[in-house]
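Peer 1: Please find one structure pasted underneath; my questions will follow.
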Amino acid sequence: MEIISQIPKDLANFLLVVIFSLLIGLEQRKLHIELEFESLFGTDRTITLIGIFGFILYILNPVNLTLFFAGGFVLAALLGIYYFNKIKVKNQWGLTSVVIALITYCLTPLIYLQPPWMVMLIFVTILIVVEIKESLFQFSKKFDRNEFTTLAKFIIIAGIVLPLLPHDPISKWINISAYQIWLSIVAVSSISYFSYLLKKFVFPNSGIILSAVLGGLYSSTATTIILAKKSKKENDFVSITSGIVAATGMMYIRILILAWIFNINVAMKLLPYFVVFVIISAIIIGLLEIKRKTINNEPLKVNNTQNPLEFKTALVFGLLFGFFAVLTNVVVTNYGNMGVNILSFIVGVTDIDPYILNLFQHTDSSLHINTIVNATIIASASNNLIKMIYALILGETKIKRNLILGFSVLIVASILSVVI
C-alpha cells in the first residue's frame with residue numbers, strides 16, 4: 001500500500017485512462033472482428049489513442065479546459081465526417097461507435113473530478129450496454145404497442161401526481177390526506193406492476209404453479225377465478241387446485257409487504273401469523289402434488305396481458321379507500337373493536353386492499369395495533385371464504401373436495417390466530 005501511495009496522481013490517472021480506453025476498444029474489436037469489411041473508424045488502438053488525446057489536452061490546461069473543449073470539437077468534427085461518409089458509402093446509420101469514442105475522450109475529466117465508484121460505474125455500463133445488443137433486440141420483441149404507455153402511467157401516478165398532493169387531512173370526518181390515499185394506490189400498483197413485468201418478460205411461459213404465484217401477487221381473487229374456469233377445460237385438476245392455493249399464499253405476502261411499507265409495527269405483529277399461513281399453503285400444495293396422477297405438459301398461462309395500471313381502477317380504489325376511512329371511523333367511534341372485527345369480515349367479500357391499507361395508516365390512538373392485526377387476519381380469512389365460493393361455483397367438480405379442505409384449513413387457522 002505504501003508503494004501505491006507513492007505513485008504520482010497524474011501517472012495513476014494516465015494508466016487508468018489507458019486501461020479503460022484499451023478495454024473499450026478491445027470490446028469494439030471483438031464485436032466487429034467477424035465482419036468482412038471494416039465498418040468502424042477504429043477499435044482498440046484508435047479508441048486508446050482518443051483516451052490519451054483527451055488526457056493530454058486536459059492536463060495541459062485543467063483550469064478553464066480551453067484545450068480540452070477545442071480538442072473535443074475537432075474530434076466531433078472528424079467523427080461527423082466519418083459518419084457522413086458511412087451513411088453515403090455504406091448506407092449504415094449506427095451511431096454507437098461514434099458515441100463510444102466521445103465518451104472515451106471524456107474519461108480523463110471523469111477520473112479527475114468524480115469519485116472512483118462513478119468512473120467504474122460508467123465504464124462497466126458502457127461494456128454491458130455494448131455487449132447486450134442482441135439480448136436487447138430479443139427483449140424488445142416482447143414489447144407490445146401499449147407497453148410504454150403502461151410505463152408512462154406508472155411514472156405519472158408515482159412520480160408526478162404523488163409529490164403534488166397535500167399532506168393535510170381531507171376533513172374531520174376523513175382523517176387521512178389525499179397524499180396517503182394516492183400513496184396507497186402507488187404501493188398496490190407497484191406490486192401489481194412488478195408481478196405483471198415478471199409474468200410477461202421473465203416467466204412468459206411459466207406453468208400453472210408459477211403463473212398462480214405471480215398472479216396471486218397481482219390479485220389472488222382474479223387468479224382463483226381464472227384457474228377455476230380453466231379447470232373445466234384442463235385435466236390437470238391437482239395442479240389447478242395447487243395453483244389456487246399458491247395464489248392465496250401470495251396474498252399473505254402481498255399484504256405483509258403493504259404492512260411493511262405503511263406500518264412496520266403492524267407488519268412485525270402480522271409476520272409470525274402470515275408466515276404460518278404461507279407454510280400451511282405450501283404444505284397443502286406439497287400434499288396435493290404428491291397425489292398427482294396426471295401431468296399436463298402444456299404450460300397454463302394466467303392472464304399475463306392485463307394492464308395493472310388502469311386509471312379507472314385507481315380511481316375506484318381511491319374512492320373505496322376514502323369510503324372505508326369514513327366507515328372505519330364511524331365503526332370505531334360507535335362500536336369499538338368488535339365493530340371493526342365484524343366490518344373486516346364483511347369487507348373480506350370485496351377487494352380488501354383499500355380497507356387494510358386504511359387500517360395500516362391509522363396513526364391515532366383510536367385503533368390498537370392488536371385490533372388492526374386481528375382485523376387484517378379476519379379480512380383475509382373472509383376473502384379466502386369468498387374465493388372458495390367462487391372456485392366452487394365456477395370450477396370443475398373434481399377440484400371442489402381438495403379446495404374445500406385447503407381453504408378450510410387456512411380459514412380455521414386464521415380464526416384460531418384471532419381467538420388465541
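Identifiers in this document derive from the order of the C-alpha cells: chains are assigned A, B, ..., residues are numbered from 1 separately in each chain, and ligands are numbered from 1 in order of occurrence.
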Please provide as a list in words all residues within 9 Å of A:Ile377, with the sequence filter that same-chain residues fewer than 5 positions apart are discarded (counting only C-alpha atoms).

Peer 2: Leu270, Tyr273, Phe274, Ser344, Ile372, Ser382, Ser414, Ile415, Ser417 and Val418 of chain A

Peer 1: Which of stretch 147-295 of chain A end up as alpha helix (DSSP H) when DSSP is run on this backbone - answer as JSON, numbers by chain?

Peer 2: {"A": [147, 148, 149, 150, 151, 152, 153, 154, 155, 162, 163, 164, 178, 179, 180, 181, 182, 183, 184, 185, 186, 187, 188, 189, 190, 191, 192, 193, 194, 195, 196, 197, 208, 209, 210, 211, 212, 213, 214, 215, 216, 217, 218, 219, 220, 221, 222, 223, 224, 225, 226, 227, 228, 229, 230, 237, 238, 239, 240, 241, 242, 243, 244, 245, 246, 247, 248, 249, 250, 251, 252, 253, 254, 255, 256, 257, 258, 259, 260, 261, 262, 264, 265, 266, 267, 268, 269, 270, 271, 272, 273, 274, 275, 276, 277, 278, 279, 280, 281, 282, 283, 284, 285, 286, 287, 288, 289, 290]}

Peer 1: Mind pulling up the distance from atom CA of A:Ala267 to atom CA of A:Gln361?

Peer 2: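 Computing the Euclidean distance for atom CA of A:Gln361 and atom CA of A:Ala267 yields 12.0 Å.
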
Peer 1: From the list A:Thr248, A:Leu67, A:Val331, A:Ile47, which residue is nearest A:Met388 when using only C-alpha atoms?

Peer 2: A:Thr248

Peer 1: Give me, as a list in words, all polymer residues having an atom no more than 7 Å from A:Ala212, counting only C-alpha atoms and skipping those fewer than 5 positions away in the same chain.

Peer 2: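 Here the qualifying residues turn out to be Thr223, Gly243, Ile244, Ala246, Ala247 and Val302 of chain A.
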
Peer 1: Between atom CA of A:Tyr390 and atom CA of A:Leu227, what is the spacing in Å?

Peer 2: 10.6 Å

Peer 1: What's around A:Pro166 at 10 Å? Count only C-alpha atoms, leave out sequence neighbours fewer than 5 positions away in its own chain, and write the answer as a list in words.

Peer 2: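 In the requested form, the answer reads Ser177, Ala178, Tyr179 and Gln180 of chain A.
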
Peer 1: With distances taken over only C-alpha atoms, which of A:Lys229, A:Leu79, A:His362, A:Ser220 is nearest to A:Ser380?

Peer 2: A:Ser220

Peer 1: By how many Å are atom CA of A:Ser135 and atom CA of A:Pro116 apart?

Peer 2: 28.7 Å

Peer 1: Extract, using only C-alpha atoms, all DNA, RNA and protein residues at most 12 Å from A:Phe194, discarding same-chain residues fewer than 3 positions from it, and format them as a JSON list (two decimals) with all heavy atoms, in the first residue's frame.

Peer 2:
```json
[["chain", "number", "residue", "atom", "x", "y", "z"],
["A", 150, "THR", "N", -48.08, 1.95, -20.56],
["A", 150, "THR", "CA", -48.23, 1.44, -19.19],
["A", 150, "THR", "C", -47.14, 1.98, -18.29],
["A", 150, "THR", "O", -47.40, 2.40, -17.16],
["A", 150, "THR", "CB", -48.19, -0.10, -19.19],
["A", 150, "THR", "OG1", -49.21, -0.61, -20.05],
["A", 150, "THR", "CG2", -48.40, -0.65, -17.78],
["A", 151, "LEU", "N", -45.89, 1.98, -18.78],
["A", 151, "LEU", "CA", -44.79, 2.54, -18.00],
["A", 151, "LEU", "C", -45.01, 4.02, -17.73],
["A", 151, "LEU", "O", -44.76, 4.51, -16.62],
["A", 151, "LEU", "CB", -43.47, 2.33, -18.75],
["A", 151, "LEU", "CG", -42.22, 2.94, -18.12],
["A", 151, "LEU", "CD1", -41.97, 2.36, -16.74],
["A", 151, "LEU", "CD2", -41.00, 2.73, -19.02],
["A", 154, "PHE", "N", -47.42, 4.50, -14.94],
["A", 154, "PHE", "CA", -46.82, 4.27, -13.62],
["A", 154, "PHE", "C", -45.99, 5.48, -13.19],
["A", 154, "PHE", "O", -46.03, 5.89, -12.03],
["A", 154, "PHE", "CB", -45.96, 3.01, -13.66],
["A", 154, "PHE", "CG", -45.31, 2.70, -12.34],
["A", 154, "PHE", "CD1", -46.05, 2.17, -11.30],
["A", 154, "PHE", "CD2", -43.96, 2.95, -12.14],
["A", 154, "PHE", "CE1", -45.46, 1.89, -10.09],
["A", 154, "PHE", "CE2", -43.37, 2.67, -10.92],
["A", 154, "PHE", "CZ", -44.13, 2.14, -9.89],
["A", 186, "VAL", "N", -50.33, 3.95, -5.23],
["A", 186, "VAL", "CA", -48.99, 3.72, -5.79],
["A", 186, "VAL", "C", -48.40, 2.42, -5.27],
["A", 186, "VAL", "O", -47.81, 1.64, -6.03],
["A", 186, "VAL", "CB", -48.06, 4.90, -5.46],
["A", 186, "VAL", "CG1", -46.62, 4.58, -5.83],
["A", 186, "VAL", "CG2", -48.51, 6.16, -6.18],
["A", 187, "ALA", "N", -48.56, 2.14, -3.97],
["A", 187, "ALA", "CA", -47.99, 0.93, -3.38],
["A", 187, "ALA", "C", -48.61, -0.32, -3.99],
["A", 187, "ALA", "O", -47.90, -1.26, -4.40],
["A", 187, "ALA", "CB", -48.21, 0.94, -1.86],
["A", 188, "VAL", "N", -49.94, -0.34, -4.07],
["A", 188, "VAL", "CA", -50.62, -1.50, -4.64],
["A", 188, "VAL", "C", -50.29, -1.64, -6.13],
["A", 188, "VAL", "O", -50.03, -2.74, -6.62],
["A", 188, "VAL", "CB", -52.15, -1.38, -4.44],
["A", 188, "VAL", "CG1", -52.88, -2.49, -5.18],
["A", 188, "VAL", "CG2", -52.50, -1.43, -2.97],
["A", 189, "SER", "N", -50.27, -0.52, -6.85],
["A", 189, "SER", "CA", -49.95, -0.55, -8.28],
["A", 189, "SER", "C", -48.52, -1.03, -8.52],
["A", 189, "SER", "O", -48.25, -1.72, -9.50],
["A", 189, "SER", "CB", -50.14, 0.84, -8.90],
["A", 189, "SER", "OG", -51.47, 1.26, -8.80],
["A", 190, "SER", "N", -47.60, -0.66, -7.63],
["A", 190, "SER", "CA", -46.20, -1.07, -7.77],
["A", 190, "SER", "C", -46.07, -2.59, -7.68],
["A", 190, "SER", "O", -45.36, -3.22, -8.48],
["A", 190, "SER", "CB", -45.34, -0.41, -6.70],
["A", 190, "SER", "OG", -45.35, 0.99, -6.84],
["A", 191, "ILE", "N", -46.74, -3.18, -6.69],
["A", 191, "ILE", "CA", -46.69, -4.64, -6.54],
["A", 191, "ILE", "C", -47.32, -5.30, -7.75],
["A", 191, "ILE", "O", -46.79, -6.28, -8.30],
["A", 191, "ILE", "CB", -47.39, -5.07, -5.23],
["A", 191, "ILE", "CG1", -46.65, -4.51, -4.02],
["A", 191, "ILE", "CG2", -47.46, -6.59, -5.14],
["A", 191, "ILE", "CD1", -47.34, -4.76, -2.70],
["A", 197, "LEU", "N", -44.73, -7.40, -14.85],
["A", 197, "LEU", "CA", -43.47, -7.43, -15.58],
["A", 197, "LEU", "C", -42.79, -8.79, -15.48],
["A", 197, "LEU", "O", -42.24, -9.31, -16.47],
["A", 197, "LEU", "CB", -42.53, -6.33, -15.05],
["A", 197, "LEU", "CG", -42.96, -4.89, -15.31],
["A", 197, "LEU", "CD1", -41.99, -3.93, -14.65],
["A", 197, "LEU", "CD2", -43.06, -4.60, -16.81],
["A", 198, "LEU", "N", -42.81, -9.38, -14.28],
["A", 198, "LEU", "CA", -42.23, -10.72, -14.12],
["A", 198, "LEU", "C", -42.93, -11.73, -15.01],
["A", 198, "LEU", "O", -42.29, -12.54, -15.67],
["A", 198, "LEU", "CB", -42.33, -11.16, -12.65],
["A", 198, "LEU", "CG", -41.34, -10.55, -11.66],
["A", 198, "LEU", "CD1", -41.63, -11.08, -10.26],
["A", 198, "LEU", "CD2", -39.90, -10.89, -12.05],
["A", 199, "LYS", "N", -44.24, -11.68, -15.00],
["A", 199, "LYS", "CA", -45.02, -12.66, -15.77],
["A", 199, "LYS", "C", -44.79, -12.48, -17.26],
["A", 199, "LYS", "O", -44.67, -13.47, -17.99],
["A", 199, "LYS", "CB", -46.52, -12.50, -15.45],
["A", 199, "LYS", "CG", -47.40, -13.53, -16.13],
["A", 199, "LYS", "CD", -47.15, -14.91, -15.53],
["A", 199, "LYS", "CE", -47.99, -15.97, -16.25],
["A", 199, "LYS", "NZ", -47.52, -16.28, -17.59],
["A", 200, "LYS", "N", -44.71, -11.26, -17.71],
["A", 200, "LYS", "CA", -44.63, -11.01, -19.15],
["A", 200, "LYS", "C", -43.22, -11.18, -19.71],
["A", 200, "LYS", "O", -43.04, -11.73, -20.79],
["A", 200, "LYS", "CB", -45.14, -9.61, -19.47],
["A", 200, "LYS", "CG", -45.16, -9.33, -20.96],
["A", 200, "LYS", "CD", -46.10, -8.21, -21.31],
["A", 200, "LYS", "CE", -46.24, -8.09, -22.81],
["A", 200, "LYS", "NZ", -47.20, -7.06, -23.20],
["A", 201, "PHE", "N", -42.20, -10.72, -18.96],
["A", 201, "PHE", "CA", -40.86, -10.66, -19.52],
["A", 201, "PHE", "C", -39.90, -11.71, -18.97],
["A", 201, "PHE", "O", -38.97, -12.10, -19.65],
["A", 201, "PHE", "CB", -40.27, -9.27, -19.31],
["A", 201, "PHE", "CG", -41.02, -8.19, -20.03],
["A", 201, "PHE", "CD1", -41.78, -7.28, -19.34],
["A", 201, "PHE", "CD2", -40.97, -8.10, -21.41],
["A", 201, "PHE", "CE1", -42.48, -6.28, -19.99],
["A", 201, "PHE", "CE2", -41.67, -7.11, -22.08],
["A", 201, "PHE", "CZ", -42.43, -6.19, -21.37],
["A", 202, "VAL", "N", -40.10, -12.13, -17.74],
["A", 202, "VAL", "CA", -39.17, -13.09, -17.13],
["A", 202, "VAL", "C", -39.70, -14.51, -17.23],
["A", 202, "VAL", "O", -38.97, -15.44, -17.55],
["A", 202, "VAL", "CB", -38.90, -12.73, -15.65],
["A", 202, "VAL", "CG1", -37.89, -13.70, -15.04],
["A", 202, "VAL", "CG2", -38.38, -11.29, -15.55],
["A", 214, "LEU", "N", -47.35, -15.69, -9.44],
["A", 214, "LEU", "CA", -47.25, -14.33, -9.97],
["A", 214, "LEU", "C", -48.62, -13.67, -10.05],
["A", 214, "LEU", "O", -48.76, -12.47, -9.76],
["A", 214, "LEU", "CB", -46.60, -14.36, -11.36],
["A", 214, "LEU", "CG", -45.16, -14.87, -11.41],
["A", 214, "LEU", "CD1", -44.69, -15.00, -12.84],
["A", 214, "LEU", "CD2", -44.24, -13.97, -10.62],
["A", 215, "GLY", "N", -49.62, -14.44, -10.41],
["A", 215, "GLY", "CA", -50.97, -13.89, -10.45],
["A", 215, "GLY", "C", -51.48, -13.54, -9.08],
["A", 215, "GLY", "O", -52.18, -12.54, -8.90],
["A", 216, "GLY", "N", -51.11, -14.34, -8.08],
["A", 216, "GLY", "CA", -51.53, -14.05, -6.70],
["A", 216, "GLY", "C", -50.91, -12.78, -6.17],
["A", 216, "GLY", "O", -51.52, -12.08, -5.36],
["A", 217, "LEU", "N", -49.72, -12.48, -6.62],
["A", 217, "LEU", "CA", -49.09, -11.22, -6.23],
["A", 217, "LEU", "C", -49.84, -10.05, -6.83],
["A", 217, "LEU", "O", -49.86, -8.95, -6.26],
["A", 217, "LEU", "CB", -47.62, -11.22, -6.69],
["A", 217, "LEU", "CG", -46.70, -10.17, -6.08],
["A", 217, "LEU", "CD1", -46.62, -10.32, -4.57],
["A", 217, "LEU", "CD2", -45.31, -10.28, -6.69],
["A", 218, "TYR", "N", -50.47, -10.28, -7.97],
["A", 218, "TYR", "CA", -51.29, -9.24, -8.61],
["A", 218, "TYR", "C", -52.67, -9.18, -7.97],
["A", 218, "TYR", "O", -53.12, -8.15, -7.48],
["A", 218, "TYR", "CB", -51.41, -9.54, -10.10],
["A", 218, "TYR", "CG", -52.32, -8.60, -10.85],
["A", 218, "TYR", "CD1", -51.85, -7.38, -11.31],
["A", 218, "TYR", "CD2", -53.65, -8.93, -11.09],
["A", 218, "TYR", "CE1", -52.68, -6.50, -11.99],
["A", 218, "TYR", "CE2", -54.48, -8.06, -11.77],
["A", 218, "TYR", "CZ", -54.00, -6.86, -12.21],
["A", 218, "TYR", "OH", -54.83, -6.01, -12.88],
["A", 254, "ARG", "N", -48.30, -10.43, -0.13],
["A", 254, "ARG", "CA", -48.67, -9.11, -0.64],
["A", 254, "ARG", "C", -49.11, -8.19, 0.49],
["A", 254, "ARG", "O", -48.66, -7.04, 0.60],
["A", 254, "ARG", "CB", -49.79, -9.28, -1.67],
["A", 254, "ARG", "CG", -50.39, -7.99, -2.20],
["A", 254, "ARG", "CD", -51.65, -8.35, -3.02],
["A", 254, "ARG", "NE", -52.33, -7.18, -3.50],
["A", 254, "ARG", "CZ", -52.14, -6.62, -4.67],
["A", 254, "ARG", "NH1", -51.22, -7.11, -5.49],
["A", 254, "ARG", "NH2", -52.82, -5.56, -5.04],
["A", 304, "ASN", "N", -51.56, -12.91, -18.44],
["A", 304, "ASN", "CA", -50.32, -12.14, -18.35],
["A", 304, "ASN", "C", -50.35, -10.86, -19.18],
["A", 304, "ASN", "O", -49.34, -10.19, -19.32],
["A", 304, "ASN", "CB", -49.13, -13.01, -18.80],
["A", 304, "ASN", "CG", -49.22, -13.38, -20.26],
["A", 304, "ASN", "OD1", -50.30, -13.40, -20.84],
["A", 304, "ASN", "ND2", -48.08, -13.70, -20.84],
["A", 307, "ASN", "N", -53.57, -5.10, -18.10],
["A", 307, "ASN", "CA", -52.90, -3.86, -17.70],
["A", 307, "ASN", "C", -53.16, -3.59, -16.22],
["A", 307, "ASN", "O", -54.31, -3.43, -15.82],
["A", 307, "ASN", "CB", -53.44, -2.71, -18.54],
["A", 307, "ASN", "CG", -52.69, -1.43, -18.31],
["A", 307, "ASN", "OD1", -51.97, -1.28, -17.33],
["A", 307, "ASN", "ND2", -52.86, -0.47, -19.20],
["A", 308, "PRO", "N", -52.12, -3.55, -15.38],
["A", 308, "PRO", "CA", -52.33, -3.37, -13.94],
["A", 308, "PRO", "C", -52.47, -1.91, -13.53],
["A", 308, "PRO", "O", -52.61, -1.62, -12.34],
["A", 308, "PRO", "CB", -51.05, -3.96, -13.34],
["A", 308, "PRO", "CG", -50.01, -3.66, -14.37],
["A", 308, "PRO", "CD", -50.70, -3.75, -15.70],
["A", 309, "LEU", "N", -52.42, -0.98, -14.49],
["A", 309, "LEU", "CA", -52.37, 0.44, -14.12],
["A", 309, "LEU", "C", -53.48, 1.26, -14.80],
["A", 309, "LEU", "O", -53.24, 2.37, -15.24],
["A", 309, "LEU", "CB", -51.00, 1.01, -14.50],
["A", 309, "LEU", "CG", -49.81, 0.40, -13.76],
["A", 309, "LEU", "CD1", -48.51, 0.90, -14.35],
["A", 309, "LEU", "CD2", -49.86, 0.71, -12.29]]
```

Peer 1: Hey, which of A:Gln28, A:Asn263, A:Ser281, A:Asn85 ends up closest to A:Thr48? Count only C-alpha atoms.

Peer 2: A:Gln28

Peer 1: Set the distance at 12 Å and use only C-alpha atoms: which residues neighbour A:Asn341 once local chain neighbours fewer than 2 positions away are removed? I'd like the list as a compact mmCIF listing (two decimals) with C-alpha atoms, in the first residue's frame.

Peer 2:
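Writing the result to part.txt gives the following:
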```txt
# COMPACT_ATOMS: atom_id res chain seq x y z
CA THR A 328 -63.93 2.73 9.89
CA VAL A 331 -67.49 1.97 13.43
CA VAL A 332 -64.59 2.63 15.83
CA TYR A 335 -68.94 0.06 18.15
CA GLY A 336 -65.27 -0.28 19.16
CA ASN A 337 -63.05 -3.26 18.41
CA MET A 338 -65.91 -5.73 17.96
CA GLY A 339 -67.42 -3.49 15.29
CA LEU A 343 -66.63 -4.88 9.45
CA SER A 344 -63.44 -6.75 8.50
CA PHE A 345 -65.42 -9.93 7.90
CA ILE A 346 -67.94 -8.08 5.72
CA VAL A 347 -65.26 -6.24 3.77
CA GLY A 348 -63.46 -9.52 3.05
CA ILE A 356 -56.49 -2.89 5.16
CA LEU A 359 -56.17 0.35 8.80
CA LEU A 367 -57.30 1.67 16.96
CA ASN A 370 -53.67 -5.70 18.00
CA THR A 371 -57.08 -4.63 16.68
CA ILE A 372 -55.53 -3.78 13.31
CA VAL A 373 -53.72 -7.14 13.23
CA ASN A 374 -56.86 -9.09 14.09
CA ALA A 375 -58.93 -7.11 11.59
CA THR A 376 -56.39 -7.86 8.85
CA ILE A 377 -56.42 -11.58 9.61
CA ILE A 378 -60.24 -11.63 9.69
CA ALA A 379 -60.46 -9.75 6.38
CA SER A 380 -58.03 -12.19 4.75
CA ALA A 381 -59.98 -15.18 6.12
CA SER A 382 -63.24 -13.72 4.83
CA ILE A 415 -59.84 -17.95 13.30
CA VAL A 418 -57.58 -14.26 16.30
CA VAL A 419 -59.17 -16.20 19.18
```
